[in-house]
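Undergrad: Have a peek at work.txt (compact mmCIF, C-alpha atoms and all ligand atoms).
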# COMPACT_ATOMS: atom_id res chain seq x y z
CA MET A 12 -183.33 1.76 -32.08
CA PRO A 13 -183.48 5.38 -30.82
CA GLU A 14 -186.17 6.42 -28.35
CA PRO A 15 -189.45 6.92 -30.25
CA LEU A 16 -191.16 10.31 -30.24
CA ILE A 17 -194.50 8.61 -29.52
CA ALA A 18 -195.03 5.28 -27.78
CA VAL A 19 -198.66 4.19 -27.42
CA ASP A 20 -198.88 1.22 -25.09
CA HIS A 21 -202.03 -0.91 -24.77
CA LEU A 22 -204.27 2.14 -25.22
CA THR A 23 -207.97 1.47 -24.65
CA LYS A 24 -210.98 3.76 -24.95
CA ARG A 25 -214.57 2.66 -24.39
CA PHE A 26 -217.71 4.76 -24.69
CA PRO A 27 -220.83 3.72 -22.76
CA VAL A 28 -223.81 3.12 -25.02
CA LYS A 29 -226.84 5.24 -24.15
CA LYS A 30 -229.69 3.33 -22.55
CA GLY A 31 -232.40 2.57 -25.04
CA LEU A 32 -229.96 1.68 -27.79
CA PHE A 33 -229.37 -2.04 -28.19
CA SER A 34 -231.53 -2.57 -25.12
CA SER A 35 -233.41 -5.71 -26.06
CA GLY A 36 -232.36 -9.27 -25.21
CA PRO A 37 -231.37 -11.15 -22.08
CA PHE A 38 -228.66 -8.66 -21.01
CA SER A 39 -230.75 -5.57 -21.56
CA HIS A 40 -229.83 -4.12 -18.17
CA ALA A 41 -226.09 -4.59 -18.52
CA GLN A 42 -224.12 -1.48 -19.51
CA LYS A 43 -222.78 -1.87 -23.03
CA TYR A 44 -219.74 -0.15 -24.47
CA VAL A 45 -218.42 0.85 -27.86
CA HIS A 46 -214.83 -0.42 -27.84
CA ALA A 47 -213.47 2.39 -29.99
CA VAL A 48 -209.79 1.79 -29.17
CA ASN A 49 -209.01 -1.72 -28.05
CA ASP A 50 -205.55 -2.46 -26.61
CA VAL A 51 -203.67 -0.47 -29.27
CA SER A 52 -199.85 -0.27 -29.22
CA PHE A 53 -197.50 1.39 -31.70
CA THR A 54 -194.57 3.78 -31.87
CA VAL A 55 -193.71 6.73 -34.09
CA GLN A 56 -190.01 7.43 -34.52
CA LYS A 57 -188.61 10.93 -34.93
CA GLY A 58 -188.97 11.96 -38.58
CA GLU A 59 -191.25 9.04 -39.39
CA VAL A 60 -194.65 8.91 -41.10
CA PHE A 61 -196.67 6.19 -39.37
CA SER A 62 -200.12 5.58 -40.85
CA LEU A 63 -203.23 3.94 -39.51
CA VAL A 64 -205.43 2.46 -42.20
CA GLY A 65 -208.74 0.60 -42.17
CA GLU A 66 -212.39 0.93 -43.05
CA SER A 67 -214.59 3.70 -41.62
CA GLY A 68 -215.39 3.12 -37.96
CA CYS A 69 -212.33 0.94 -37.32
CA GLY A 70 -211.01 3.29 -34.62
CA LYS A 71 -208.32 5.29 -36.45
CA SER A 72 -209.64 8.71 -35.54
CA SER A 73 -210.62 7.62 -32.01
CA THR A 74 -207.05 6.44 -31.50
CA ALA A 75 -205.73 9.84 -32.62
CA ARG A 76 -208.18 11.72 -30.43
CA THR A 77 -207.31 9.59 -27.40
CA LEU A 78 -203.61 10.06 -28.11
CA ILE A 79 -203.95 13.85 -27.91
CA ARG A 80 -206.25 13.53 -24.87
CA LEU A 81 -209.41 14.85 -26.53
CA TYR A 82 -210.74 11.59 -25.12
CA GLU A 83 -209.57 10.32 -21.74
CA PRO A 84 -207.93 6.91 -22.08
CA ASP A 85 -209.49 4.10 -20.00
CA GLU A 86 -206.32 2.02 -19.98
CA GLY A 87 -202.81 2.13 -21.34
CA LYS A 88 -200.07 4.73 -21.66
CA ILE A 89 -199.10 7.47 -24.09
CA LEU A 90 -195.43 8.41 -23.93
CA PHE A 91 -194.51 11.62 -25.75
CA ASP A 92 -190.75 12.12 -26.01
CA GLY A 93 -190.33 10.00 -22.89
CA THR A 94 -193.07 11.70 -20.79
CA ASP A 95 -196.24 9.83 -19.88
CA ILE A 96 -199.00 12.26 -20.92
CA SER A 97 -201.89 9.84 -20.45
CA HIS A 98 -203.02 11.31 -17.13
CA LEU A 99 -201.62 14.86 -17.14
CA ASP A 100 -204.07 17.61 -16.17
CA ASP A 101 -204.75 20.60 -18.45
CA GLN A 102 -201.83 22.58 -17.09
CA GLY A 103 -199.43 19.66 -17.45
CA LEU A 104 -200.64 19.09 -21.01
CA GLN A 105 -200.10 22.71 -22.08
CA PRO A 106 -196.54 22.36 -23.48
CA PHE A 107 -197.54 19.19 -25.33
CA ARG A 108 -200.54 20.88 -26.93
CA ARG A 109 -198.11 23.13 -28.82
CA ARG A 110 -195.80 20.28 -29.78
CA ILE A 111 -198.66 18.12 -31.12
CA GLN A 112 -200.78 19.68 -33.86
CA MET A 113 -203.70 18.26 -35.78
CA ILE A 114 -204.79 18.67 -39.40
CA PHE A 115 -208.35 17.62 -40.20
CA GLN A 116 -210.18 16.32 -43.24
CA ASN A 117 -212.34 19.43 -43.45
CA PRO A 118 -210.14 22.45 -42.78
CA TYR A 119 -213.13 24.76 -43.13
CA SER A 120 -214.64 23.49 -39.88
CA SER A 121 -211.40 24.14 -37.97
CA LEU A 122 -210.79 27.67 -39.32
CA ASN A 123 -212.74 30.52 -37.75
CA PRO A 124 -214.84 31.93 -40.63
CA ARG A 125 -214.89 35.40 -39.04
CA GLN A 126 -211.09 35.73 -38.92
CA THR A 127 -208.79 36.55 -41.80
CA VAL A 128 -205.98 34.14 -42.51
CA LYS A 129 -203.53 36.64 -41.03
CA GLU A 130 -205.54 36.78 -37.80
CA ILE A 131 -205.83 32.98 -37.61
CA ILE A 132 -202.10 32.37 -37.94
CA SER A 133 -200.95 35.43 -35.96
CA GLU A 134 -203.20 34.45 -33.08
CA ALA A 135 -201.48 31.04 -32.82
CA LEU A 136 -198.04 32.69 -32.98
CA LEU A 137 -198.87 35.20 -30.23
CA PHE A 138 -200.76 32.74 -27.99
CA HIS A 139 -197.80 30.34 -27.92
CA LYS A 140 -195.31 33.24 -27.63
CA ILE A 141 -193.55 32.23 -30.85
CA ALA A 142 -193.84 35.89 -31.88
CA ALA A 143 -193.28 38.69 -29.36
CA THR A 144 -195.08 41.46 -31.23
CA LYS A 145 -197.93 41.86 -33.70
CA LYS A 146 -195.46 42.95 -36.38
CA GLU A 147 -193.29 39.86 -35.83
CA ALA A 148 -196.40 37.67 -35.98
CA GLU A 149 -197.42 39.27 -39.28
CA ASP A 150 -193.97 38.78 -40.82
CA LYS A 151 -193.94 35.13 -39.72
CA THR A 152 -197.46 34.68 -41.12
CA TYR A 153 -196.36 35.98 -44.53
CA TYR A 154 -193.36 33.64 -44.49
CA LEU A 155 -195.52 30.63 -43.54
CA LEU A 156 -198.12 31.38 -46.20
CA GLN A 157 -195.40 31.48 -48.84
CA ARG A 158 -193.91 28.28 -47.51
CA VAL A 159 -197.18 26.40 -47.95
CA GLY A 160 -197.72 27.78 -51.46
CA LEU A 161 -199.96 30.81 -50.84
CA ARG A 162 -199.23 34.49 -51.51
CA PRO A 163 -198.71 37.02 -48.68
CA GLU A 164 -201.31 39.31 -50.26
CA GLN A 165 -203.91 36.58 -49.62
CA ALA A 166 -203.41 37.02 -45.86
CA ASP A 167 -206.31 39.47 -45.50
CA ARG A 168 -208.85 37.10 -47.02
CA TYR A 169 -211.31 34.92 -45.11
CA PRO A 170 -211.38 31.11 -45.23
CA HIS A 171 -214.45 30.98 -47.50
CA GLN A 172 -212.51 32.90 -50.17
CA PHE A 173 -210.14 29.94 -50.70
CA SER A 174 -210.51 26.59 -52.44
CA GLY A 175 -210.46 23.32 -50.44
CA GLY A 176 -206.79 22.72 -51.24
CA GLN A 177 -205.84 26.28 -50.28
CA ARG A 178 -207.74 25.95 -47.00
CA GLN A 179 -205.77 22.80 -46.23
CA ARG A 180 -202.58 24.80 -46.92
CA ILE A 181 -203.80 27.41 -44.40
CA SER A 182 -204.35 24.64 -41.81
CA ILE A 183 -200.84 23.38 -42.43
CA ALA A 184 -199.42 26.91 -42.06
CA ARG A 185 -201.28 27.35 -38.76
CA ALA A 186 -199.98 24.00 -37.51
CA LEU A 187 -196.42 24.91 -38.52
CA ALA A 188 -196.68 28.32 -36.85
CA VAL A 189 -196.27 26.90 -33.35
CA ASN A 190 -193.11 24.85 -34.10
CA PRO A 191 -194.65 21.40 -33.53
CA ASP A 192 -192.70 18.13 -33.37
CA PHE A 193 -195.61 15.88 -34.19
CA ILE A 194 -198.53 16.32 -36.57
CA ILE A 195 -201.62 14.13 -36.62
CA ALA A 196 -203.14 14.34 -40.09
CA ASP A 197 -206.65 12.85 -40.02
CA GLU A 198 -207.76 12.16 -43.61
CA PRO A 199 -206.12 15.43 -44.74
CA VAL A 200 -206.60 14.88 -48.48
CA SER A 201 -209.73 12.73 -48.73
CA ALA A 202 -212.01 15.70 -49.46
CA LEU A 203 -209.72 17.13 -52.17
CA ASP A 204 -209.52 16.67 -55.95
CA VAL A 205 -207.03 14.05 -57.09
CA SER A 206 -204.58 16.55 -58.60
CA ILE A 207 -204.61 18.57 -55.38
CA GLN A 208 -204.17 15.47 -53.19
CA ALA A 209 -200.68 14.82 -54.58
CA GLN A 210 -199.69 18.47 -54.06
CA ILE A 211 -200.74 18.42 -50.40
CA LEU A 212 -199.02 15.07 -49.78
CA ASN A 213 -195.82 16.44 -51.34
CA LEU A 214 -196.07 19.55 -49.20
CA LEU A 215 -196.42 17.41 -46.06
CA LEU A 216 -193.33 15.41 -47.05
CA GLU A 217 -191.29 18.56 -47.83
CA ILE A 218 -192.07 20.23 -44.52
CA ARG A 219 -191.31 17.00 -42.66
CA GLU A 220 -187.67 17.37 -43.75
CA GLU A 221 -187.50 21.11 -43.31
CA PHE A 222 -189.20 21.34 -39.91
CA GLN A 223 -188.10 17.91 -38.60
CA LEU A 224 -191.64 16.66 -38.12
CA SER A 225 -193.08 13.24 -37.38
CA TYR A 226 -196.58 12.28 -38.50
CA LEU A 227 -199.42 10.05 -37.46
CA PHE A 228 -201.29 9.85 -40.75
CA ILE A 229 -204.84 8.56 -40.87
CA ALA A 230 -206.43 7.56 -44.15
CA HIS A 231 -208.68 4.99 -45.74
CA ASN A 232 -207.25 5.43 -49.25
CA LEU A 233 -204.48 2.89 -49.72
CA ALA A 234 -202.80 4.75 -52.56
CA VAL A 235 -202.45 7.79 -50.30
CA VAL A 236 -201.10 5.65 -47.47
CA LYS A 237 -198.65 3.88 -49.78
CA TYR A 238 -197.39 7.20 -51.10
CA ILE A 239 -196.68 8.90 -47.80
CA SER A 240 -195.97 6.22 -45.17
CA ASP A 241 -192.79 4.79 -43.74
CA ARG A 242 -194.72 2.27 -41.62
CA ILE A 243 -198.35 1.25 -41.54
CA GLY A 244 -200.70 -0.17 -38.90
CA VAL A 245 -203.88 -1.88 -40.13
CA MET A 246 -206.90 -1.48 -37.84
CA TYR A 247 -210.05 -3.54 -37.51
CA LEU A 248 -212.74 -3.04 -34.84
CA GLY A 249 -210.55 -0.78 -32.71
CA THR A 250 -207.59 -3.18 -32.83
CA ILE A 251 -204.31 -3.11 -34.75
CA VAL A 252 -204.03 -6.47 -36.53
CA GLU A 253 -200.79 -5.90 -38.46
CA ILE A 254 -197.86 -3.46 -38.45
CA ALA A 255 -194.96 -3.35 -40.90
CA ASP A 256 -193.02 -0.94 -43.03
CA GLU A 257 -194.74 0.24 -46.18
CA LYS A 258 -192.84 -1.97 -48.62
CA ALA A 259 -193.20 -5.15 -46.54
CA ILE A 260 -196.91 -4.79 -45.86
CA PHE A 261 -197.83 -4.16 -49.50
CA ALA A 262 -195.47 -6.87 -50.82
CA ASN A 263 -196.33 -9.48 -48.21
CA PRO A 264 -199.45 -8.79 -46.14
CA LEU A 265 -199.80 -11.52 -43.47
CA HIS A 266 -203.15 -11.03 -41.73
CA PRO A 267 -206.27 -12.26 -43.60
CA TYR A 268 -207.92 -8.85 -43.12
CA THR A 269 -204.90 -6.97 -44.50
CA LYS A 270 -204.79 -9.36 -47.46
CA ALA A 271 -208.45 -8.70 -48.25
CA LEU A 272 -208.08 -4.95 -47.75
CA PHE A 273 -204.96 -4.74 -49.92
CA ALA A 274 -206.29 -7.06 -52.64
CA SER A 275 -207.05 -4.09 -54.86
CA VAL A 276 -204.97 -0.98 -54.38
CA PRO A 277 -206.91 1.97 -55.75
CA VAL A 278 -205.28 4.87 -57.49
CA LEU A 279 -204.87 8.22 -55.76
CA GLY A 280 -208.26 9.82 -55.28
CA GLU A 281 -210.41 6.72 -55.60
CA PRO A 282 -212.31 5.55 -52.52
CA LEU A 283 -211.24 2.40 -50.70
CA GLN A 284 -212.97 -0.63 -52.19
CA ASP A 285 -214.92 -2.82 -49.80
CA PRO A 286 -212.63 -5.73 -49.05
CA ALA A 287 -213.64 -8.96 -50.78
CA ILE A 288 -214.78 -10.67 -47.60
CA ASN A 289 -218.11 -11.82 -46.26
CA GLY A 290 -220.12 -10.03 -43.62
CA ASP A 291 -221.06 -6.45 -42.96
CA THR A 292 -218.53 -3.69 -42.69
CA PRO A 293 -218.12 -3.12 -38.96
CA SER A 294 -219.30 0.24 -37.73
CA THR A 295 -219.89 -0.04 -33.99
CA PRO A 296 -217.56 -2.36 -32.08
CA ILE A 297 -220.00 -3.30 -29.32
CA ASP A 298 -219.64 -6.62 -27.50
CA LEU A 299 -216.27 -7.46 -28.96
CA PRO A 300 -215.74 -11.16 -29.58
CA LYS A 301 -213.68 -12.94 -26.93
CA GLY A 302 -211.22 -14.23 -29.51
CA CYS A 303 -210.08 -12.65 -32.76
CA VAL A 304 -211.85 -9.40 -33.71
CA PHE A 305 -212.02 -10.57 -37.33
CA TYR A 306 -213.57 -13.95 -36.45
CA LYS A 307 -217.05 -13.24 -37.85
CA ARG A 308 -215.79 -12.34 -41.32
CA CYS A 309 -212.63 -14.41 -41.63
CA PRO A 310 -212.79 -17.18 -44.25
CA PHE A 311 -210.05 -19.10 -42.38
CA ALA A 312 -211.55 -18.96 -38.88
CA LYS A 313 -211.15 -22.03 -36.65
CA ASP A 314 -212.51 -22.87 -33.18
CA ILE A 315 -209.45 -21.39 -31.47
CA CYS A 316 -210.09 -18.05 -33.21
CA LYS A 317 -213.47 -17.73 -31.46
CA ALA A 318 -212.10 -18.65 -28.05
CA GLU A 319 -208.66 -17.01 -27.87
CA LYS A 320 -207.45 -13.57 -28.79
CA PRO A 321 -204.41 -13.94 -31.08
CA GLN A 322 -201.32 -12.11 -29.78
CA MET A 323 -199.24 -9.76 -31.89
CA LYS A 324 -196.05 -11.57 -32.96
CA GLU A 325 -193.06 -10.58 -35.07
CA TYR A 326 -192.73 -12.69 -38.23
CA GLU A 327 -189.98 -10.76 -40.02
CA LYS A 328 -187.90 -7.94 -38.63
CA GLY A 329 -190.39 -5.15 -37.85
CA HIS A 330 -193.34 -7.05 -39.37
CA PHE A 331 -195.98 -7.88 -36.74
CA ALA A 332 -199.37 -9.55 -37.06
CA ALA A 333 -201.99 -11.07 -34.76
CA CYS A 334 -203.48 -14.26 -36.24
CA HIS A 335 -203.68 -17.90 -35.08
CA LEU A 336 -203.19 -19.00 -38.66
CA LEU A 337 -199.62 -17.76 -38.83
CA ALA A 338 -196.91 -20.20 -37.79
CA GLY A 339 -193.89 -19.25 -35.71
CA GLY A 340 -193.28 -15.62 -34.88
CA GLY A 341 -191.57 -14.06 -31.88
CA GLU A 342 -192.91 -12.05 -28.97
CA ALA A 343 -193.96 -8.52 -29.96
FE1 LIG A 401 -208.94 -15.39 -39.13
FE2 LIG A 401 -208.47 -16.79 -36.93
FE3 LIG A 401 -206.53 -15.33 -38.01
FE4 LIG A 401 -208.59 -14.18 -36.80
S1 LIG A 401 -207.05 -15.46 -35.84
S2 LIG A 401 -207.69 -13.57 -38.73
S3 LIG A 401 -210.26 -15.51 -37.33
S4 LIG A 401 -207.53 -17.14 -38.91
As structure tokens, what does this structure read like?
TA:
Amino acid sequence: MPEPLIAVDHLTKRFPVKKGLFSSGPFSHAQKYVHAVNDVSFTVQKGEVFSLVGESGCGKSSTARTLIRLYEPDEGKILFDGTDISHLDDQGLQPFRRRIQMIFQNPYSSLNPRQTVKEIISEALLFHKIAATKKEAEDKTYYLLQRVGLRPEQADRYPHQFSGGQRQRISIARALAVNPDFIIADEPVSALDVSIQAQILNLLLEIREEFQLSYLFIAHNLAVVKYISDRIGVMYLGTIVEIADEKAIFANPLHPYTKALFASVPVLGEPLQDPAINGDTPSTPIDLPKGCVFYKRCPFAKDICKAEKPQMKEYEKGHFAACHLLAGGGEA
């Protein structure tokens, strides 16, 4: 197996809960934490699309934000192309900020409304010294706009003059402008019409080949994840409970949570159905259970599940899951 582009190793991020919230009960004076990212490990190979999937609040976006150091990790390591970036200072992070780009669900909020598209993209090209002159930056901007399916004559327009799908194309062009190696796409199509979703997914796949990109793709729509992913990690309460390649995980999900989540695969554009399991959808992972994170909702839970955290084990080549119910399995 070649060296991965990204190796996330036991990454953990906790946020202290403000005093006053959840402050009743016998431990009212103890500091409580939201365990947003809880001992998360995965790799992304060069050229691969690795997706994180799970219900809202399961820690997908927090994992991405910790990975790019928008949040400081509490524990664990982030290796980018062999370099540990988990504790680099701002100056040390600078070259990696260019190589890692992010595409958000709502491109409008990440595009400056007072800048034209040409200014937005040229600025990125000049700041990262990809273009030496204003003229070169303009020419590159026109090329990038065409590449993502927009017309060069649209370069002088402002973000509000574009549709949602076109704005996402602008975000992609801006990300591409700085020659990244790795793109984190956080719910990039969930706000778009169904017909546009497929176009944007196809564009992301085309540019992966052309620009030799790797992706961390975050989505809650399983049809989207199935369409674009090479491998998938399923998250619950800040924890990855199963990882496998796309075909294996849809054909043979192992973890009870994955089984419930994948029981009905929606079509492109439809929201994720609530999994057919008891209990409330988790939203704030505070006071994590000592044992399995899924214990409170799992129909198969036994005493050991409450007391002991199940370890991630490999059950088929490249297919990992963490559940006491599963027999056999090798060390992850
Ligand atoms: Fe359910 Fe126990 Fe497996 Fe957790 S470890 S998913 S509680 S059977």
Undergrad: Excluding same-chain residues fewer than 2 positions from A:Ile218, what lies within 12 Å of it counting only C-alpha atoms, as a PDB file with C-alpha atoms, keeping the file's coordinate frame?
TA:
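Contents of around-v2.pdb, freshly written:
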ATOM      1  CA  GLY A  58    -188.970  11.960 -38.580  1.00  0.00           C
ATOM      2  CA  LEU A 155    -195.520  30.630 -43.540  1.00  0.00           C
ATOM      3  CA  ARG A 158    -193.910  28.280 -47.510  1.00  0.00           C
ATOM      4  CA  VAL A 159    -197.180  26.400 -47.950  1.00  0.00           C
ATOM      5  CA  GLY A 160    -197.720  27.780 -51.460  1.00  0.00           C
ATOM      6  CA  ARG A 180    -202.580  24.800 -46.920  1.00  0.00           C
ATOM      7  CA  ILE A 183    -200.840  23.380 -42.430  1.00  0.00           C
ATOM      8  CA  ALA A 184    -199.420  26.910 -42.060  1.00  0.00           C
ATOM      9  CA  ALA A 186    -199.980  24.000 -37.510  1.00  0.00           C
ATOM     10  CA  LEU A 187    -196.420  24.910 -38.520  1.00  0.00           C
ATOM     11  CA  ASN A 190    -193.110  24.850 -34.100  1.00  0.00           C
ATOM     12  CA  PRO A 191    -194.650  21.400 -33.530  1.00  0.00           C
ATOM     13  CA  ASP A 192    -192.700  18.130 -33.370  1.00  0.00           C
ATOM     14  CA  PHE A 193    -195.610  15.880 -34.190  1.00  0.00           C
ATOM     15  CA  ILE A 194    -198.530  16.320 -36.570  1.00  0.00           C
ATOM     16  CA  ILE A 211    -200.740  18.420 -50.400  1.00  0.00           C
ATOM     17  CA  LEU A 212    -199.020  15.070 -49.780  1.00  0.00           C
ATOM     18  CA  ASN A 213    -195.820  16.440 -51.340  1.00  0.00           C
ATOM     19  CA  LEU A 214    -196.070  19.550 -49.200  1.00  0.00           C
ATOM     20  CA  LEU A 215    -196.420  17.410 -46.060  1.00  0.00           C
ATOM     21  CA  LEU A 216    -193.330  15.410 -47.050  1.00  0.00           C
ATOM     22  CA  GLU A 220    -187.670  17.370 -43.750  1.00  0.00           C
ATOM     23  CA  GLU A 221    -187.500  21.110 -43.310  1.00  0.00           C
ATOM     24  CA  PHE A 222    -189.200  21.340 -39.910  1.00  0.00           C
ATOM     25  CA  GLN A 223    -188.100  17.910 -38.600  1.00  0.00           C
ATOM     26  CA  LEU A 224    -191.640  16.660 -38.120  1.00  0.00           C
ATOM     27  CA  SER A 225    -193.080  13.240 -37.380  1.00  0.00           C
ATOM     28  CA  TYR A 226    -196.580  12.280 -38.500  1.00  0.00           C
TER      29      TYR A 226
END
Undergrad: Within 10 Å of ligand LIG 401 (chain A), which residues show up when you count all atoms listed in the file? List them as a PyMOL selection string, please.
TA: chain A and resi 252+265-269+302-322+332-337
Undergrad: Those same residues, written as a PDB file, keeping the file's coordinate frame with C-alpha atoms?
TA:
ATOM      1  CA  VAL A 252    -204.030  -6.470 -36.530  1.00  0.00           C
ATOM      2  CA  LEU A 265    -199.800 -11.520 -43.470  1.00  0.00           C
ATOM      3  CA  HIS A 266    -203.150 -11.030 -41.730  1.00  0.00           C
ATOM      4  CA  PRO A 267    -206.270 -12.260 -43.600  1.00  0.00           C
ATOM      5  CA  TYR A 268    -207.920  -8.850 -43.120  1.00  0.00           C
ATOM      6  CA  THR A 269    -204.900  -6.970 -44.500  1.00  0.00           C
ATOM      7  CA  GLY A 302    -211.220 -14.230 -29.510  1.00  0.00           C
ATOM      8  CA  CYS A 303    -210.080 -12.650 -32.760  1.00  0.00           C
ATOM      9  CA  VAL A 304    -211.850  -9.400 -33.710  1.00  0.00           C
ATOM     10  CA  PHE A 305    -212.020 -10.570 -37.330  1.00  0.00           C
ATOM     11  CA  TYR A 306    -213.570 -13.950 -36.450  1.00  0.00           C
ATOM     12  CA  LYS A 307    -217.050 -13.240 -37.850  1.00  0.00           C
ATOM     13  CA  ARG A 308    -215.790 -12.340 -41.320  1.00  0.00           C
ATOM     14  CA  CYS A 309    -212.630 -14.410 -41.630  1.00  0.00           C
ATOM     15  CA  PRO A 310    -212.790 -17.180 -44.250  1.00  0.00           C
ATOM     16  CA  PHE A 311    -210.050 -19.100 -42.380  1.00  0.00           C
ATOM     17  CA  ALA A 312    -211.550 -18.960 -38.880  1.00  0.00           C
ATOM     18  CA  LYS A 313    -211.150 -22.030 -36.650  1.00  0.00           C
ATOM     19  CA  ASP A 314    -212.510 -22.870 -33.180  1.00  0.00           C
ATOM     20  CA  ILE A 315    -209.450 -21.390 -31.470  1.00  0.00           C
ATOM     21  CA  CYS A 316    -210.090 -18.050 -33.210  1.00  0.00           C
ATOM     22  CA  LYS A 317    -213.470 -17.730 -31.460  1.00  0.00           C
ATOM     23  CA  ALA A 318    -212.100 -18.650 -28.050  1.00  0.00           C
ATOM     24  CA  GLU A 319    -208.660 -17.010 -27.870  1.00  0.00           C
ATOM     25  CA  LYS A 320    -207.450 -13.570 -28.790  1.00  0.00           C
ATOM     26  CA  PRO A 321    -204.410 -13.940 -31.080  1.00  0.00           C
ATOM     27  CA  GLN A 322    -201.320 -12.110 -29.780  1.00  0.00           C
ATOM     28  CA  ALA A 332    -199.370  -9.550 -37.060  1.00  0.00           C
ATOM     29  CA  ALA A 333    -201.990 -11.070 -34.760  1.00  0.00           C
ATOM     30  CA  CYS A 334    -203.480 -14.260 -36.240  1.00  0.00           C
ATOM     31  CA  HIS A 335    -203.680 -17.900 -35.080  1.00  0.00           C
ATOM     32  CA  LEU A 336    -203.190 -19.000 -38.660  1.00  0.00           C
ATOM     33  CA  LEU A 337    -199.620 -17.760 -38.830  1.00  0.00           C
TER      34      LEU A 337
END
Undergrad: For stretch 239-244 of chain A, list every protein, DNA or RNA residue within 8 Å, evaluated using all atoms listed in the file, and leave out those in the same chain fewer than 2 positions away; present the list as a ChimeraX atom specification.
TA: /A:59-64,212,216,228,235-237,246,251-257,260
Undergrad: Which residue is closest to A:Asn232? Choose from A:Thr144, A:Gln208, A:Thr250, A:Thr94 and count all atoms listed in the file.
TA: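 Ranked by minimum distance to A:Asn232, first place goes to A:Gln208.
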Undergrad: What lies within 8 Å of A:Leu136 using only C-alpha atoms, ignoring chain neighbours under 4 positions off, as a PyMOL selection string?
TA: chain A and resi 132+140-142+148+188-189
Undergrad: Which value, in Å to one decimal, gives the distance between atom CA of A:Phe91 and atom CA of A:Asp50?
TA: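 It comes out at 17.9 Å.
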Undergrad: Have a look at atom CA of A:Lys57 and atom CA of A:Leu16 and let me know their distance in Å, one decimal.
TA: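 For atom CA of A:Lys57 relative to atom CA of A:Leu16, the distance reads 5.4 Å.
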Undergrad: Can you list, as JSON, numbers by chain, every protein, DNA or RNA residue that comes within 12 Å of A:Arg162 when you count only C-alpha atoms, leaving out same-chain residues fewer than 2 positions away?
TA: {"A": [128, 129, 152, 153, 154, 155, 156, 157, 158, 159, 160, 164, 165, 166, 167, 168, 173, 177, 180, 181]}
Undergrad: I want to know what sits within 10 Å of A:Glu86, based on only C-alpha atoms, with residues of the same chain fewer than 5 positions away left out; could you give that as a list in words?
TA: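 In the requested form, the answer reads Asp20, His21, Leu22, Thr23, Lys24, Arg25, Val48, Asn49, Asp50, Val51 and Ser97 of chain A.
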Undergrad: By how many Å are atom CA of A:Asp298 and atom CA of A:Phe273 apart?
TA: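 These two atoms are separated by 26.9 Å.
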Undergrad: Taking all atoms listed in the file into account, name the residue in A:Glu325, A:Asp197, A:Glu130, A:Asp150 that is nearest to A:Lys71.
TA: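 Of the candidates, the smallest distance to A:Lys71 is held by A:Asp197.
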Undergrad: List as a ChimeraX atom specification: which residues have an atom within 12 Å of (-193.1, 12.1, -24.7), counting all atoms listed in the file?
TA: /A:14-19,54-57,78-79,88-97,99,104,106-108,110-111,192-193
Undergrad: Can you spit out the residues from that selection as a PDB file, in the coordinates of the input, using C-alpha atoms?
TA:
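Result saved to selection_7.pdb:
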ATOM      1  CA  GLU A  14    -186.170   6.420 -28.350  1.00  0.00           C
ATOM      2  CA  PRO A  15    -189.450   6.920 -30.250  1.00  0.00           C
ATOM      3  CA  LEU A  16    -191.160  10.310 -30.240  1.00  0.00           C
ATOM      4  CA  ILE A  17    -194.500   8.610 -29.520  1.00  0.00           C
ATOM      5  CA  ALA A  18    -195.030   5.280 -27.780  1.00  0.00           C
ATOM      6  CA  VAL A  19    -198.660   4.190 -27.420  1.00  0.00           C
ATOM      7  CA  THR A  54    -194.570   3.780 -31.870  1.00  0.00           C
ATOM      8  CA  VAL A  55    -193.710   6.730 -34.090  1.00  0.00           C
ATOM      9  CA  GLN A  56    -190.010   7.430 -34.520  1.00  0.00           C
ATOM     10  CA  LYS A  57    -188.610  10.930 -34.930  1.00  0.00           C
ATOM     11  CA  LEU A  78    -203.610  10.060 -28.110  1.00  0.00           C
ATOM     12  CA  ILE A  79    -203.950  13.850 -27.910  1.00  0.00           C
ATOM     13  CA  LYS A  88    -200.070   4.730 -21.660  1.00  0.00           C
ATOM     14  CA  ILE A  89    -199.100   7.470 -24.090  1.00  0.00           C
ATOM     15  CA  LEU A  90    -195.430   8.410 -23.930  1.00  0.00           C
ATOM     16  CA  PHE A  91    -194.510  11.620 -25.750  1.00  0.00           C
ATOM     17  CA  ASP A  92    -190.750  12.120 -26.010  1.00  0.00           C
ATOM     18  CA  GLY A  93    -190.330  10.000 -22.890  1.00  0.00           C
ATOM     19  CA  THR A  94    -193.070  11.700 -20.790  1.00  0.00           C
ATOM     20  CA  ASP A  95    -196.240   9.830 -19.880  1.00  0.00           C
ATOM     21  CA  ILE A  96    -199.000  12.260 -20.920  1.00  0.00           C
ATOM     22  CA  SER A  97    -201.890   9.840 -20.450  1.00  0.00           C
ATOM     23  CA  LEU A  99    -201.620  14.860 -17.140  1.00  0.00           C
ATOM     24  CA  LEU A 104    -200.640  19.090 -21.010  1.00  0.00           C
ATOM     25  CA  PRO A 106    -196.540  22.360 -23.480  1.00  0.00           C
ATOM     26  CA  PHE A 107    -197.540  19.190 -25.330  1.00  0.00           C
ATOM     27  CA  ARG A 108    -200.540  20.880 -26.930  1.00  0.00           C
ATOM     28  CA  ARG A 110    -195.800  20.280 -29.780  1.00  0.00           C
ATOM     29  CA  ILE A 111    -198.660  18.120 -31.120  1.00  0.00           C
ATOM     30  CA  ASP A 192    -192.700  18.130 -33.370  1.00  0.00           C
ATOM     31  CA  PHE A 193    -195.610  15.880 -34.190  1.00  0.00           C
TER      32      PHE A 193
END
Undergrad: Using all atoms listed in the file, pick whichever of A:Pro118, A:Met113, A:Phe26, A:Met323 has the shortest atom-to-atom distance to A:Val200.
TA: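 Ranking A:Pro118, A:Met113, A:Phe26, A:Met323 by distance to A:Val200, first place goes to A:Pro118.
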